[in-house]
Amino acid sequence: MHDRIADYVALLFAGAPDSRRIAELREEILQNTLDRYDEERAKGKSEQASYDAAVDAIGDISDLIGAHDP
């Protein structure tokens, strides 16, 4: 499921500018999302419910990407 989350985060950043700041932001969001998934699993939620909760927690990142535009 971690690979599925990584693919989802990569898709979110597909149209983002290629810069060091954007790469750092992508890595931070990925790590936070993976941590959230693991926390949900530790609470006993199913893989799918944990994935949904973690991905939903990301929200809209367009403002974040725009703020980091070079």
# chains A, B, ... in the order shown; residues from 1 in each chain; ligands from 1
call {"tool": "select_by_dssp", "arguments": {"residues": "chain A", "states": "helix (DSSP H, G or I)", "output": "count of residues only"}}
result
52
call {"tool": "atom_distance", "arguments": {"atom1": "CA of Arg36 in chain A", "atom2": "CA of Asp60 in chain A"}}
result
16.6 Å
call {"tool": "residues_around", "arguments": {"residues": "range 22-35 of chain A", "least_positions_apart": "5", "cutoff": "9 Å", "atoms": "only C-alpha atoms", "output": "PDB file with N, CA, C and O atoms, in the first residue's frame"}}
result
ATOM      1  N   HIS A   2       2.066   1.157   0.551  1.00  0.00           N
ATOM      2  CA  HIS A   2       2.963   2.316   0.535  1.00  0.00           C
ATOM      3  C   HIS A   2       3.288   2.727  -0.900  1.00  0.00           C
ATOM      4  O   HIS A   2       3.369   3.932  -1.189  1.00  0.00           O
ATOM      5  N   ILE A   5       0.419   4.713  -2.269  1.00  0.00           N
ATOM      6  CA  ILE A   5       0.432   6.080  -1.738  1.00  0.00           C
ATOM      7  C   ILE A   5       1.495   6.907  -2.468  1.00  0.00           C
ATOM      8  O   ILE A   5       1.240   8.054  -2.856  1.00  0.00           O
ATOM      9  N   ALA A   6       2.670   6.339  -2.676  1.00  0.00           N
ATOM     10  CA  ALA A   6       3.736   7.047  -3.391  1.00  0.00           C
ATOM     11  C   ALA A   6       3.291   7.403  -4.808  1.00  0.00           C
ATOM     12  O   ALA A   6       3.557   8.510  -5.288  1.00  0.00           O
ATOM     13  N   VAL A   9       0.808  10.385  -4.579  1.00  0.00           N
ATOM     14  CA  VAL A   9       1.483  11.660  -4.321  1.00  0.00           C
ATOM     15  C   VAL A   9       2.229  12.108  -5.581  1.00  0.00           C
ATOM     16  O   VAL A   9       2.192  13.296  -5.932  1.00  0.00           O
ATOM     17  N   ALA A  10       2.868  11.195  -6.273  1.00  0.00           N
ATOM     18  CA  ALA A  10       3.562  11.548  -7.520  1.00  0.00           C
ATOM     19  C   ALA A  10       2.576  12.118  -8.534  1.00  0.00           C
ATOM     20  O   ALA A  10       2.884  13.090  -9.233  1.00  0.00           O
ATOM     21  N   LEU A  12      -0.159  13.738  -7.866  1.00  0.00           N
ATOM     22  CA  LEU A  12      -0.532  15.085  -7.427  1.00  0.00           C
ATOM     23  C   LEU A  12       0.473  16.139  -7.904  1.00  0.00           C
ATOM     24  O   LEU A  12       0.106  17.284  -8.163  1.00  0.00           O
ATOM     25  N   PHE A  13       1.727  15.749  -7.990  1.00  0.00           N
ATOM     26  CA  PHE A  13       2.791  16.682  -8.352  1.00  0.00           C
ATOM     27  C   PHE A  13       3.173  16.590  -9.834  1.00  0.00           C
ATOM     28  O   PHE A  13       4.155  17.210 -10.252  1.00  0.00           O
ATOM     29  N   ALA A  16       3.608  19.927 -11.495  1.00  0.00           N
ATOM     30  CA  ALA A  16       4.326  20.931 -10.708  1.00  0.00           C
ATOM     31  C   ALA A  16       5.676  21.257 -11.345  1.00  0.00           C
ATOM     32  O   ALA A  16       6.271  20.420 -12.017  1.00  0.00           O
ATOM     33  N   PRO A  17       6.155  22.466 -11.117  1.00  0.00           N
ATOM     34  CA  PRO A  17       7.484  22.825 -11.626  1.00  0.00           C
ATOM     35  C   PRO A  17       8.551  21.908 -11.022  1.00  0.00           C
ATOM     36  O   PRO A  17       8.390  21.405  -9.918  1.00  0.00           O
ATOM     37  N   GLU A  40      -3.176   4.847  11.085  1.00  0.00           N
ATOM     38  CA  GLU A  40      -4.531   4.308  10.926  1.00  0.00           C
ATOM     39  C   GLU A  40      -4.518   2.785  10.991  1.00  0.00           C
ATOM     40  O   GLU A  40      -5.400   2.180  11.595  1.00  0.00           O
ATOM     41  N   TYR A  51      -5.815   3.829   3.841  1.00  0.00           N
ATOM     42  CA  TYR A  51      -5.407   4.545   2.628  1.00  0.00           C
ATOM     43  C   TYR A  51      -6.313   5.748   2.396  1.00  0.00           C
ATOM     44  O   TYR A  51      -5.838   6.861   2.158  1.00  0.00           O
ATOM     45  N   ALA A  54      -5.628   8.522   4.903  1.00  0.00           N
ATOM     46  CA  ALA A  54      -4.345   9.175   4.667  1.00  0.00           C
ATOM     47  C   ALA A  54      -4.397  10.091   3.445  1.00  0.00           C
ATOM     48  O   ALA A  54      -3.936  11.235   3.496  1.00  0.00           O
ATOM     49  N   VAL A  55      -4.989   9.605   2.372  1.00  0.00           N
ATOM     50  CA  VAL A  55      -5.075  10.391   1.143  1.00  0.00           C
ATOM     51  C   VAL A  55      -6.021  11.580   1.326  1.00  0.00           C
ATOM     52  O   VAL A  55      -5.726  12.692   0.870  1.00  0.00           O
ATOM     53  N   ALA A  57      -6.470  13.221   3.949  1.00  0.00           N
ATOM     54  CA  ALA A  57      -5.807  14.207   4.806  1.00  0.00           C
ATOM     55  C   ALA A  57      -4.897  15.140   4.014  1.00  0.00           C
ATOM     56  O   ALA A  57      -4.565  16.228   4.485  1.00  0.00           O
ATOM     57  N   ILE A  58      -4.505  14.751   2.815  1.00  0.00           N
ATOM     58  CA  ILE A  58      -3.640  15.608   1.998  1.00  0.00           C
ATOM     59  C   ILE A  58      -4.375  16.883   1.614  1.00  0.00           C
ATOM     60  O   ILE A  58      -3.836  17.978   1.721  1.00  0.00           O
ATOM     61  N   LEU A  64      -0.201  25.198  -2.113  1.00  0.00           N
ATOM     62  CA  LEU A  64       1.168  24.905  -1.651  1.00  0.00           C
ATOM     63  C   LEU A  64       2.145  24.900  -2.806  1.00  0.00           C
ATOM     64  O   LEU A  64       3.244  25.447  -2.723  1.00  0.00           O
ATOM     65  N   ILE A  65       1.748  24.277  -3.903  1.00  0.00           N
ATOM     66  CA  ILE A  65       2.633  24.224  -5.072  1.00  0.00           C
ATOM     67  C   ILE A  65       2.840  25.629  -5.624  1.00  0.00           C
ATOM     68  O   ILE A  65       3.955  26.012  -5.938  1.00  0.00           O
ATOM     69  N   HIS A  68       5.328  27.691  -3.775  1.00  0.00           N
ATOM     70  CA  HIS A  68       6.715  27.252  -3.938  1.00  0.00           C
ATOM     71  C   HIS A  68       7.179  27.352  -5.385  1.00  0.00           C
ATOM     72  O   HIS A  68       8.239  26.862  -5.738  1.00  0.00           O
ATOM     73  N   ASP A  69       6.382  27.976  -6.212  1.00  0.00           N
ATOM     74  CA  ASP A  69       6.739  28.135  -7.620  1.00  0.00           C
ATOM     75  C   ASP A  69       7.990  29.012  -7.716  1.00  0.00           C
ATOM     76  O   ASP A  69       8.046  30.070  -7.117  1.00  0.00           O
ATOM     77  N   PRO A  70       8.989  28.559  -8.467  1.00  0.00           N
ATOM     78  CA  PRO A  70      10.237  29.344  -8.551  1.00  0.00           C
ATOM     79  C   PRO A  70      10.058  30.672  -9.251  1.00  0.00           C
ATOM     80  O   PRO A  70       9.192  30.936  -9.969  1.00  0.00           O
TER      81      PRO A  70
END
call {"tool": "closest_residue", "arguments": {"among": "A:Asp52, A:Glu47, A:Asp38, A:Asp63", "to": "Tyr8 in chain A", "atoms": "only C-alpha atoms"}}
result
A:Asp52
call {"tool": "atom_distance", "arguments": {"atom1": "CA of Ser50 in chain A", "atom2": "CA of Tyr37 in chain A"}}
result
5.2 Å
call {"tool": "decode", "arguments": {"residues": "range 31-44 of chain A", "atoms": "N, CA and C atoms", "output": "CSV table (one decimal), in the first residue's frame"}}
result
chain,number,residue,atom,x,y,z
A,31,GLN,N,5.9,11.5,3.1
A,31,GLN,CA,6.2,11.0,4.4
A,31,GLN,C,5.1,11.2,5.4
A,32,ASN,N,4.5,12.3,5.4
A,32,ASN,CA,3.3,12.6,6.3
A,32,ASN,C,2.2,11.6,6.0
A,33,THR,N,1.9,11.4,4.7
A,33,THR,CA,0.8,10.5,4.3
A,33,THR,C,1.1,9.1,4.6
A,34,LEU,N,2.4,8.6,4.5
A,34,LEU,CA,2.8,7.3,4.9
A,34,LEU,C,2.6,7.1,6.4
A,35,ASP,N,3.0,8.1,7.1
A,35,ASP,CA,2.9,8.1,8.6
A,35,ASP,C,1.4,8.0,9.0
A,36,ARG,N,0.6,8.8,8.3
A,36,ARG,CA,-0.8,8.8,8.6
A,36,ARG,C,-1.4,7.4,8.3
A,37,TYR,N,-1.0,6.8,7.2
A,37,TYR,CA,-1.5,5.5,6.9
A,37,TYR,C,-1.1,4.5,7.9
A,38,ASP,N,0.2,4.5,8.4
A,38,ASP,CA,0.6,3.6,9.4
A,38,ASP,C,-0.1,3.8,10.7
A,39,GLU,N,-0.4,5.0,11.1
A,39,GLU,CA,-1.1,5.3,12.3
A,39,GLU,C,-2.5,4.7,12.2
A,40,GLU,N,-3.2,4.8,11.1
A,40,GLU,CA,-4.5,4.3,10.9
A,40,GLU,C,-4.5,2.8,11.0
A,41,ARG,N,-3.5,2.2,10.4
A,41,ARG,CA,-3.4,0.7,10.4
A,41,ARG,C,-3.2,0.3,11.9
A,42,ALA,N,-2.4,1.0,12.6
A,42,ALA,CA,-2.1,0.7,14.0
A,42,ALA,C,-3.3,0.7,14.9
A,43,LYS,N,-4.3,1.6,14.5
A,43,LYS,CA,-5.6,1.7,15.2
A,43,LYS,C,-6.5,0.5,14.8
A,44,GLY,N,-6.1,-0.3,13.9
A,44,GLY,CA,-6.9,-1.5,13.5
A,44,GLY,C,-7.8,-1.3,12.3
